[in-house]
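Engineer: Below: one structure in structure tokens.
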Amino acid sequence: SEMSKDMMPGPYPRTPEERAAAAKKYNMRVEDYQPYPDDGLGYGDYPMLPNKSQYERDPWYQWDQPDMRHNWGEPMHWDFDMYIRNRVDTSPTVVPWHTMSKHFLLFLSIMLIMFGLGQIYPSYRPVGPKQYPFNDLYLERGGDPNKKPPAVIHYEI
Amino acid sequence: MAWAPPPSAAKLYRPNRYVSLPAELDPATYDTSPEKLRAEAERLAIRSRLKRQYLLQLNDPNAPAVIENPALIRWAYAKSQNVYPTFRPTPRTSFLGAVYGLGPLLFWIFVLKADRDRKEKRIQEGKLKRAPLSVFF
């Protein structure tokens, strides 16, 4: 576009003058401006903003872009497209995260262990083989009607 | 013997990467020192200057059709074109590059080869039931 080269992001700022120039470029205060640590991952001088989603911003303020909750010219987070309101939400929860995860994992692990134990050691009421009438259903199973079926007695007197 | 004071509500909450601390538990909300007030005033000055620029362009009758947002352009440039010039091979980036680049390739090579070796062994032993070859289904 028609923006000059010094308005675009550049390499990591080394001197305090470069830091001040970068803060001015990104429309931030010099004290607020904190670039990503310089370990060669490709961030350059882009500011490191707090990892909060757009859901946490004031819904009642008149933003320039209300659906994004973002103002014109305000520096965008590196993961801005992740933190939009349709995606990741980092708003504070009613119950702390560690409590929630502990409850969930305890419940899940106990249920899985009990189901596993039930598969390894099944327990049910004792059953015997099923007893069919009419000499073990001789005619229904295709036995010859002219022959005498073998007598099957299921009881004892 | 004196017990330690109970941990603050913010410590009990333990914000992490997935949830942030609510504003009510954050001690910074209740801080009314002059430094904080001056910082807030400076931020407000920057914000109102940007808003004035934006509203002037928005309500301008001779305005262009699209008001370009320099923050958006910088963001897109930083994520796409500024990565290669600012990249530097360090031990960590080389390791990550090897893991993400070669890892899946080698993994699938070994998995598929082992699977096909096992199938071949079963065919040689005659255990695998093979349907007669047909080009129609």
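Ordered as shown in the structure tokens, chains take letters A, B, and onward, while each chain numbers its residues from 1 and ligands are numbered from 1 in the order shown.
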Define the interface residues of chain A facing chain B as those within 10 Å, counting only C-alpha atoms, and report them as an MDAnalysis selection string.

Structural biologist: chainID A and resid 1 3 7:12 25:29 31:32 38:46 50:53 56 63:64 71:80 88:99

Engineer: Which polymer residues have any atom within 12 Å of an atom of Lys148 (chain A), counting only C-alpha atoms, with same-chain residues fewer than 4 positions away left out, as a PyMOL selection string?

Structural biologist: chain A and resi 135+138-139+143-144+152

Engineer: Any idea what the distance is between CA of Tyr30 (chain B) and CA of Ala10 (chain B)?

Structural biologist: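 Spanning CA of Tyr30 (chain B) to CA of Ala10 (chain B) is a straight-line distance of 13.3 Å.
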
Engineer: Between CA of Pro129 (chain A) and CA of Tyr155 (chain A), what is the distance in Å, rounded to a tenth?

Structural biologist: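 Taking CA of Pro129 (chain A) as the start and CA of Tyr155 (chain A) as the end point, the length is 13.4 Å.
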
Engineer: Separation of CA of Arg69 (chain A) and CA of Asp81 (chain A), in Å?

Structural biologist: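 Going from CA of Arg69 (chain A) over to CA of Asp81 (chain A), I get 12.4 Å.
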